[in-house]
>>> print(open('structure06.txt').read())   # compact mmCIF, N, CA and C atoms and all ligand atoms
# COMPACT_ATOMS: atom_id res chain seq x y z
N MET U 1 -6.74 -6.56 -17.61
CA MET U 1 -6.32 -5.30 -16.98
C MET U 1 -7.07 -5.13 -15.66
N ALA U 2 -6.35 -4.68 -14.66
CA ALA U 2 -6.95 -4.46 -13.35
C ALA U 2 -7.96 -3.32 -13.42
N GLY U 3 -8.87 -3.31 -12.49
CA GLY U 3 -9.89 -2.26 -12.45
C GLY U 3 -9.34 -0.97 -11.85
N THR U 4 -10.20 0.03 -11.80
CA THR U 4 -9.80 1.32 -11.28
C THR U 4 -10.57 1.69 -10.02
N THR U 5 -11.32 0.72 -9.47
CA THR U 5 -12.10 1.03 -8.27
C THR U 5 -11.74 0.08 -7.14
N GLY U 6 -11.99 0.55 -5.92
CA GLY U 6 -11.74 -0.28 -4.76
C GLY U 6 -12.44 0.26 -3.55
N GLN U 7 -12.41 -0.51 -2.48
CA GLN U 7 -13.04 -0.08 -1.24
C GLN U 7 -12.50 -0.88 -0.06
N CYS U 8 -12.76 -0.35 1.15
CA CYS U 8 -12.40 -1.07 2.37
C CYS U 8 -13.40 -2.21 2.59
N MET U 9 -13.18 -2.98 3.65
CA MET U 9 -14.04 -4.14 3.92
C MET U 9 -15.51 -3.73 4.08
N CYS U 10 -15.79 -2.63 4.79
CA CYS U 10 -17.19 -2.26 5.06
C CYS U 10 -17.79 -1.38 3.98
N GLY U 11 -16.96 -0.82 3.08
CA GLY U 11 -17.46 0.01 1.99
C GLY U 11 -17.62 1.48 2.34
N ALA U 12 -17.28 1.87 3.57
CA ALA U 12 -17.40 3.29 3.95
C ALA U 12 -16.39 4.16 3.19
N VAL U 13 -15.22 3.58 2.89
CA VAL U 13 -14.20 4.31 2.13
C VAL U 13 -14.05 3.64 0.77
N ARG U 14 -14.23 4.44 -0.28
CA ARG U 14 -14.11 3.93 -1.66
C ARG U 14 -13.18 4.85 -2.43
N PHE U 15 -12.65 4.33 -3.54
CA PHE U 15 -11.81 5.19 -4.37
C PHE U 15 -11.93 4.82 -5.84
N THR U 16 -11.59 5.80 -6.67
CA THR U 16 -11.51 5.61 -8.11
C THR U 16 -10.16 6.13 -8.57
N LEU U 17 -9.44 5.31 -9.34
CA LEU U 17 -8.12 5.68 -9.83
C LEU U 17 -8.23 6.29 -11.22
N ALA U 18 -7.33 7.24 -11.50
CA ALA U 18 -7.29 7.83 -12.85
C ALA U 18 -6.83 6.78 -13.87
N GLU U 19 -5.95 5.88 -13.45
CA GLU U 19 -5.42 4.84 -14.34
C GLU U 19 -5.38 3.51 -13.62
N PRO U 20 -5.65 2.41 -14.31
CA PRO U 20 -5.54 1.11 -13.65
C PRO U 20 -4.08 0.79 -13.32
N PRO U 21 -3.80 0.28 -12.14
CA PRO U 21 -2.42 -0.08 -11.80
C PRO U 21 -1.99 -1.31 -12.58
N VAL U 22 -0.67 -1.43 -12.83
CA VAL U 22 -0.16 -2.60 -13.55
C VAL U 22 0.77 -3.45 -12.69
N ARG U 23 1.27 -2.90 -11.59
CA ARG U 23 2.21 -3.66 -10.77
C ARG U 23 2.02 -3.30 -9.31
N PHE U 24 2.50 -4.20 -8.45
CA PHE U 24 2.47 -3.92 -7.01
C PHE U 24 3.71 -4.50 -6.38
N GLY U 25 3.96 -4.10 -5.13
CA GLY U 25 5.10 -4.61 -4.40
C GLY U 25 4.67 -5.04 -3.02
N ALA U 26 5.61 -5.61 -2.27
CA ALA U 26 5.35 -5.99 -0.89
C ALA U 26 6.43 -5.40 -0.01
N CYS U 27 6.03 -4.81 1.10
CA CYS U 27 6.99 -4.28 2.07
C CYS U 27 6.96 -5.13 3.33
N HIS U 28 8.14 -5.63 3.69
CA HIS U 28 8.26 -6.50 4.86
C HIS U 28 8.84 -5.76 6.07
N CYS U 29 8.81 -4.43 6.08
CA CYS U 29 9.41 -3.72 7.21
C CYS U 29 8.57 -3.94 8.47
N GLU U 30 9.18 -3.64 9.60
CA GLU U 30 8.52 -3.94 10.87
C GLU U 30 7.22 -3.15 11.04
N MET U 31 7.23 -1.88 10.64
CA MET U 31 6.01 -1.08 10.80
C MET U 31 4.87 -1.61 9.94
N CYS U 32 5.17 -1.96 8.69
CA CYS U 32 4.12 -2.49 7.81
C CYS U 32 3.61 -3.84 8.33
N ARG U 33 4.52 -4.64 8.89
CA ARG U 33 4.10 -5.93 9.43
C ARG U 33 3.11 -5.74 10.57
N ARG U 34 3.42 -4.83 11.47
CA ARG U 34 2.51 -4.62 12.60
C ARG U 34 1.19 -3.98 12.16
N TRP U 35 1.30 -3.09 11.16
CA TRP U 35 0.13 -2.36 10.66
C TRP U 35 -0.85 -3.30 9.96
N THR U 36 -0.33 -4.22 9.16
CA THR U 36 -1.20 -5.07 8.34
C THR U 36 -1.38 -6.48 8.92
N GLY U 37 -0.48 -6.88 9.81
CA GLY U 37 -0.52 -8.25 10.32
C GLY U 37 0.32 -9.21 9.51
N SER U 38 0.84 -8.74 8.35
CA SER U 38 1.69 -9.62 7.52
C SER U 38 2.70 -8.75 6.78
N ALA U 39 2.55 -8.59 5.49
CA ALA U 39 3.37 -7.65 4.72
C ALA U 39 2.39 -6.68 4.07
N PHE U 40 2.86 -5.46 3.80
CA PHE U 40 2.01 -4.49 3.12
C PHE U 40 2.20 -4.67 1.62
N MET U 41 1.14 -5.05 0.92
CA MET U 41 1.21 -5.23 -0.53
C MET U 41 0.47 -4.05 -1.15
N ASP U 42 1.20 -3.31 -1.97
CA ASP U 42 0.69 -2.00 -2.37
C ASP U 42 1.07 -1.62 -3.79
N PHE U 43 0.30 -0.71 -4.38
CA PHE U 43 0.64 -0.14 -5.69
C PHE U 43 0.75 1.37 -5.53
N ASP U 44 1.61 1.99 -6.35
CA ASP U 44 1.89 3.42 -6.22
C ASP U 44 0.96 4.25 -7.09
N VAL U 45 0.51 5.36 -6.52
CA VAL U 45 -0.38 6.29 -7.22
C VAL U 45 0.09 7.71 -6.92
N PRO U 46 0.24 8.55 -7.96
CA PRO U 46 0.63 9.93 -7.67
C PRO U 46 -0.45 10.66 -6.88
N ALA U 47 -0.07 11.76 -6.25
CA ALA U 47 -0.98 12.50 -5.37
C ALA U 47 -2.30 12.84 -6.05
N THR U 48 -2.27 13.09 -7.35
CA THR U 48 -3.48 13.51 -8.06
C THR U 48 -4.17 12.35 -8.77
N GLY U 49 -3.71 11.11 -8.54
CA GLY U 49 -4.20 9.97 -9.32
C GLY U 49 -5.37 9.21 -8.72
N VAL U 50 -5.96 9.71 -7.63
CA VAL U 50 -7.03 8.96 -6.99
C VAL U 50 -8.07 9.93 -6.41
N THR U 51 -9.33 9.52 -6.51
CA THR U 51 -10.44 10.27 -5.91
C THR U 51 -11.07 9.41 -4.82
N TRP U 52 -11.17 9.96 -3.63
CA TRP U 52 -11.70 9.20 -2.49
C TRP U 52 -13.15 9.56 -2.21
N GLN U 53 -13.90 8.59 -1.75
CA GLN U 53 -15.24 8.82 -1.18
C GLN U 53 -15.21 8.31 0.25
N GLY U 54 -15.95 8.97 1.12
CA GLY U 54 -15.98 8.56 2.52
C GLY U 54 -14.73 8.96 3.27
N GLU U 55 -14.12 10.06 2.83
CA GLU U 55 -12.86 10.49 3.45
C GLU U 55 -12.99 10.76 4.94
N ALA U 56 -14.20 11.11 5.40
CA ALA U 56 -14.40 11.38 6.83
C ALA U 56 -14.09 10.16 7.68
N GLN U 57 -14.12 8.97 7.07
CA GLN U 57 -13.83 7.73 7.82
C GLN U 57 -12.35 7.37 7.82
N ILE U 58 -11.56 8.10 7.05
CA ILE U 58 -10.13 7.76 6.97
C ILE U 58 -9.40 8.27 8.22
N ARG U 59 -8.75 7.35 8.93
CA ARG U 59 -7.95 7.69 10.10
C ARG U 59 -6.49 7.61 9.71
N ALA U 60 -5.70 8.57 10.16
CA ALA U 60 -4.28 8.61 9.78
C ALA U 60 -3.39 8.73 11.00
N LEU U 61 -2.26 8.05 10.92
CA LEU U 61 -1.23 8.16 11.95
C LEU U 61 0.05 8.60 11.27
N GLN U 62 0.63 9.67 11.77
CA GLN U 62 1.97 10.06 11.28
C GLN U 62 2.93 9.02 11.85
N SER U 63 3.26 8.01 11.04
CA SER U 63 3.99 6.86 11.57
C SER U 63 5.50 7.01 11.48
N SER U 64 5.96 7.98 10.74
CA SER U 64 7.39 8.30 10.71
C SER U 64 7.52 9.75 10.29
N GLU U 65 8.75 10.24 10.24
CA GLU U 65 8.97 11.64 9.88
C GLU U 65 8.46 11.95 8.49
N LYS U 66 8.48 10.94 7.60
CA LYS U 66 8.22 11.22 6.20
C LYS U 66 6.92 10.66 5.67
N ALA U 67 6.12 10.02 6.51
CA ALA U 67 4.91 9.38 5.96
C ALA U 67 3.85 9.15 7.02
N GLU U 68 2.64 8.93 6.52
CA GLU U 68 1.54 8.53 7.39
C GLU U 68 0.96 7.22 6.90
N ARG U 69 0.36 6.47 7.81
CA ARG U 69 -0.34 5.23 7.48
C ARG U 69 -1.79 5.39 7.89
N THR U 70 -2.70 4.85 7.09
CA THR U 70 -4.12 5.12 7.31
C THR U 70 -4.94 3.83 7.34
N TRP U 71 -6.15 3.95 7.87
CA TRP U 71 -7.07 2.81 7.96
C TRP U 71 -8.49 3.34 8.00
N CYS U 72 -9.45 2.48 7.75
CA CYS U 72 -10.86 2.87 7.83
C CYS U 72 -11.28 2.92 9.30
N GLY U 73 -11.84 4.05 9.71
CA GLY U 73 -12.24 4.22 11.10
C GLY U 73 -13.44 3.37 11.49
N ARG U 74 -14.11 2.81 10.50
CA ARG U 74 -15.28 1.99 10.81
C ARG U 74 -14.94 0.50 10.87
N CYS U 75 -14.17 0.01 9.89
CA CYS U 75 -13.89 -1.44 9.86
C CYS U 75 -12.43 -1.79 10.12
N GLY U 76 -11.53 -0.80 10.10
CA GLY U 76 -10.13 -1.07 10.41
C GLY U 76 -9.28 -1.52 9.24
N SER U 77 -9.85 -1.61 8.04
CA SER U 77 -9.06 -2.03 6.89
C SER U 77 -7.86 -1.11 6.67
N THR U 78 -6.71 -1.70 6.37
CA THR U 78 -5.53 -0.94 5.97
C THR U 78 -5.83 -0.24 4.65
N LEU U 79 -5.58 1.07 4.57
CA LEU U 79 -5.90 1.81 3.34
C LEU U 79 -4.65 2.16 2.53
N TYR U 80 -3.83 3.07 3.04
CA TYR U 80 -2.66 3.48 2.27
C TYR U 80 -1.58 4.08 3.16
N TYR U 81 -0.39 4.07 2.58
CA TYR U 81 0.79 4.77 3.10
C TYR U 81 0.90 6.02 2.24
N ARG U 82 1.16 7.16 2.86
CA ARG U 82 1.25 8.38 2.07
C ARG U 82 2.46 9.20 2.48
N VAL U 83 3.24 9.59 1.47
CA VAL U 83 4.44 10.38 1.70
C VAL U 83 4.04 11.79 2.13
N ARG U 84 4.71 12.29 3.17
CA ARG U 84 4.50 13.67 3.62
C ARG U 84 5.82 14.42 3.57
N GLY U 85 5.87 15.43 2.73
CA GLY U 85 7.07 16.23 2.59
C GLY U 85 7.98 15.70 1.49
N GLY U 86 8.97 16.49 1.12
CA GLY U 86 9.94 16.08 0.11
C GLY U 86 9.37 16.13 -1.29
N PRO U 87 10.16 15.67 -2.28
CA PRO U 87 9.75 15.79 -3.68
C PRO U 87 8.52 14.94 -4.05
N HIS U 88 8.22 13.92 -3.27
CA HIS U 88 7.06 13.06 -3.58
C HIS U 88 5.89 13.32 -2.64
N ASP U 89 5.83 14.50 -2.06
CA ASP U 89 4.78 14.83 -1.10
C ASP U 89 3.39 14.49 -1.64
N GLY U 90 2.64 13.73 -0.87
CA GLY U 90 1.27 13.40 -1.25
C GLY U 90 1.11 12.11 -2.02
N ALA U 91 2.21 11.50 -2.47
CA ALA U 91 2.13 10.26 -3.24
C ALA U 91 1.59 9.13 -2.36
N TYR U 92 0.78 8.27 -2.97
CA TYR U 92 0.15 7.17 -2.24
C TYR U 92 0.79 5.83 -2.57
N SER U 93 0.80 4.94 -1.58
CA SER U 93 1.00 3.51 -1.81
C SER U 93 -0.26 2.86 -1.22
N ILE U 94 -1.15 2.43 -2.10
CA ILE U 94 -2.48 1.95 -1.68
C ILE U 94 -2.46 0.43 -1.57
N SER U 95 -3.14 -0.08 -0.55
CA SER U 95 -3.21 -1.53 -0.33
C SER U 95 -3.85 -2.23 -1.52
N VAL U 96 -3.14 -3.19 -2.09
CA VAL U 96 -3.64 -3.88 -3.29
C VAL U 96 -4.91 -4.68 -2.98
N GLY U 97 -5.06 -5.05 -1.73
CA GLY U 97 -6.24 -5.83 -1.34
C GLY U 97 -7.55 -5.07 -1.42
N LEU U 98 -7.48 -3.74 -1.56
CA LEU U 98 -8.70 -2.94 -1.64
C LEU U 98 -9.30 -2.94 -3.04
N LEU U 99 -8.50 -3.29 -4.04
CA LEU U 99 -8.99 -3.23 -5.42
C LEU U 99 -10.13 -4.21 -5.64
N ASP U 100 -11.13 -3.78 -6.40
CA ASP U 100 -12.23 -4.69 -6.75
C ASP U 100 -11.73 -5.79 -7.68
N ASP U 101 -10.77 -5.45 -8.54
CA ASP U 101 -10.22 -6.44 -9.47
C ASP U 101 -8.70 -6.23 -9.56
N ALA U 102 -7.95 -7.14 -8.98
CA ALA U 102 -6.49 -7.06 -9.05
C ALA U 102 -5.96 -8.30 -9.75
N SER U 103 -6.75 -8.84 -10.69
CA SER U 103 -6.47 -10.17 -11.21
C SER U 103 -5.18 -10.28 -12.01
N ASP U 104 -4.76 -9.25 -12.72
CA ASP U 104 -3.57 -9.45 -13.54
C ASP U 104 -2.46 -8.44 -13.27
N LEU U 105 -2.36 -8.01 -12.03
CA LEU U 105 -1.24 -7.14 -11.67
C LEU U 105 0.04 -7.96 -11.59
N ASP U 106 1.16 -7.32 -11.93
CA ASP U 106 2.47 -7.95 -11.85
C ASP U 106 3.06 -7.72 -10.46
N PHE U 107 3.47 -8.81 -9.80
CA PHE U 107 4.12 -8.71 -8.48
C PHE U 107 5.56 -8.33 -8.73
N GLU U 108 5.86 -7.04 -8.66
CA GLU U 108 7.10 -6.48 -9.17
C GLU U 108 8.32 -6.70 -8.28
N ARG U 109 8.17 -6.43 -6.97
CA ARG U 109 9.33 -6.56 -6.10
C ARG U 109 8.92 -6.61 -4.64
N GLU U 110 9.88 -7.07 -3.82
CA GLU U 110 9.70 -7.08 -2.37
C GLU U 110 10.81 -6.26 -1.75
N ILE U 111 10.49 -5.52 -0.69
CA ILE U 111 11.50 -4.70 -0.02
C ILE U 111 11.52 -4.99 1.48
N PHE U 112 12.64 -4.60 2.10
CA PHE U 112 12.89 -4.87 3.52
C PHE U 112 12.83 -6.38 3.80
N VAL U 113 13.37 -7.17 2.86
CA VAL U 113 13.33 -8.63 3.04
C VAL U 113 14.23 -9.08 4.20
N ASP U 114 15.15 -8.20 4.63
CA ASP U 114 16.01 -8.57 5.76
C ASP U 114 15.24 -8.56 7.08
N THR U 115 14.08 -7.91 7.13
CA THR U 115 13.28 -7.95 8.36
C THR U 115 12.02 -8.79 8.17
N MET U 116 11.99 -9.54 7.08
CA MET U 116 10.82 -10.38 6.78
C MET U 116 10.70 -11.54 7.76
N THR U 117 9.49 -11.86 8.14
CA THR U 117 9.24 -13.07 8.88
C THR U 117 9.28 -14.22 7.88
N GLY U 118 10.15 -15.21 8.13
CA GLY U 118 10.43 -16.25 7.14
C GLY U 118 9.19 -16.95 6.60
N CYS U 119 8.22 -17.19 7.43
CA CYS U 119 7.05 -17.95 6.98
C CYS U 119 6.15 -17.13 6.07
N PHE U 120 6.46 -15.84 5.86
CA PHE U 120 5.66 -15.03 4.94
C PHE U 120 6.20 -15.07 3.51
N ALA U 121 7.25 -15.83 3.24
CA ALA U 121 7.91 -15.81 1.94
C ALA U 121 6.92 -16.13 0.80
N TYR U 122 6.99 -15.33 -0.24
CA TYR U 122 6.11 -15.52 -1.39
C TYR U 122 6.85 -16.24 -2.51
N ALA U 123 6.15 -17.13 -3.19
CA ALA U 123 6.74 -17.86 -4.30
C ALA U 123 6.98 -16.93 -5.48
N GLY U 124 7.86 -17.37 -6.40
CA GLY U 124 8.08 -16.61 -7.63
C GLY U 124 9.40 -15.86 -7.61
N ASP U 125 9.81 -15.42 -8.78
CA ASP U 125 11.09 -14.74 -8.97
C ASP U 125 10.86 -13.25 -9.17
N ARG U 126 11.51 -12.44 -8.33
CA ARG U 126 11.41 -10.99 -8.47
C ARG U 126 12.52 -10.38 -7.63
N PRO U 127 12.86 -9.11 -7.88
CA PRO U 127 13.86 -8.46 -7.02
C PRO U 127 13.41 -8.46 -5.56
N ARG U 128 14.36 -8.80 -4.68
CA ARG U 128 14.10 -8.78 -3.24
C ARG U 128 15.19 -7.94 -2.59
N LEU U 129 14.81 -6.76 -2.11
CA LEU U 129 15.80 -5.80 -1.63
C LEU U 129 15.81 -5.70 -0.11
N THR U 130 17.01 -5.62 0.44
CA THR U 130 17.14 -5.39 1.88
C THR U 130 17.05 -3.88 2.14
N GLU U 131 16.99 -3.52 3.41
CA GLU U 131 16.91 -2.11 3.76
C GLU U 131 18.12 -1.33 3.22
N SER U 132 19.32 -1.89 3.36
CA SER U 132 20.50 -1.14 2.91
C SER U 132 20.56 -1.07 1.39
N GLU U 133 20.10 -2.09 0.70
CA GLU U 133 20.07 -2.03 -0.78
C GLU U 133 19.09 -0.96 -1.27
N LEU U 134 18.02 -0.82 -0.54
CA LEU U 134 16.98 0.14 -0.90
C LEU U 134 17.48 1.58 -0.77
N LYS U 135 18.25 1.81 0.31
CA LYS U 135 18.71 3.16 0.58
C LYS U 135 20.03 3.48 -0.14
N GLY U 136 20.74 2.42 -0.57
CA GLY U 136 22.06 2.61 -1.15
C GLY U 136 22.07 2.96 -2.59
ZN ZN H 1 -14.36 0.32 6.23
ZN ZN H 2 7.00 -1.06 5.12
>>> encode(input="structure06.txt", output="structure tokens")
Amino acid sequence: MAGTTGQCMCGAVRFTLAEPPVRFGACHCEMCRRWTGSAFMDFDVPATGVTWQGEAQIRALQSSEKAERTWCGRCGSTLYYRVRGGPHDGAYSISVGLLDDASDLDFEREIFVDTMTGCFAYAGDRPRLTESELKG
């Protein structure tokens, strides 16, 4: 089982989850690619499911009408995507790379595969959704 703790590269931002995550996904959209340098690999956490330490170091950019993307102001590590507004207001998609132990998470699905850079393709069988399939 995966752990419930994680941190950025420098350790200024840390978190504790109410529950260990069991699955994660990858987003190949253009914004996530530029933000992370590759694909954003993340697990979902409800708004009340995580406690942060070092929040003063969290930098946020309102990157679209419905969400913000964040990073550590000290080391630049990608932290999370967070929904702003609507029925899922406050929900997090946290970077899986921050977890102290992500050893047995299930790689559940990939999204925005139509904008994926081909050389980033991941091995294995899982649902791979295009932008229109996701919204449809
Ligand atoms: Zn940091
Ligand atoms: Zn994305």
>>> select_by_dssp(input="structure06.txt", residues="chain U", states="alpha helix (DSSP H)", output="PyMOL selection string")
chain U and resi 30-36+131-135
>>> residues_near_ligand(input="structure06.txt", ligand="ligand ZN 1 (chain H)", cutoff="5 Å", atoms="only N, CA and C atoms and all ligand atoms", output="list in words")
Cys8, Met9, Cys10, Gly11, Ala12, Val13, Cys72, Arg74, Cys75 and Gly76 of chain U
>>> atom_distance(input="structure06.txt", atom1="atom CA of Ile111 of chain U", atom2="atom N of Leu134 of chain U")
7.6 Å
>>> atom_distance(input="structure06.txt", atom1="atom CA of Gln53 of chain U", atom2="atom CA of Gly6 of chain U")
10.4 Å
>>> atom_distance(input="structure06.txt", atom1="atom CA of Leu99 of chain U", atom2="atom CA of Arg59 of chain U")
19.0 Å
>>> closest_atom_pairs(input="structure06.txt", of="chain U", to="ligand ZN 2 (chain H)", cutoff="6.5 Å", atoms="all atoms listed in the file", output="JSON lines")
{"residue": "U:Cys27", "atom": "CA", "partner": "H:ZN2", "partner_atom": "ZN", "distance": 4.4}
{"residue": "U:His28", "atom": "N", "partner": "H:ZN2", "partner_atom": "ZN", "distance": 4.9}
{"residue": "U:Cys29", "atom": "N", "partner": "H:ZN2", "partner_atom": "ZN", "distance": 3.9}
{"residue": "U:Glu30", "atom": "N", "partner": "H:ZN2", "partner_atom": "ZN", "distance": 5.6}
{"residue": "U:Met31", "atom": "C", "partner": "H:ZN2", "partner_atom": "ZN", "distance": 5.3}
{"residue": "U:Cys32", "atom": "N", "partner": "H:ZN2", "partner_atom": "ZN", "distance": 4.1}
{"residue": "U:Arg33", "atom": "N", "partner": "H:ZN2", "partner_atom": "ZN", "distance": 5.8}
{"residue": "U:Phe40", "atom": "N", "partner": "H:ZN2", "partner_atom": "ZN", "distance": 6.2}
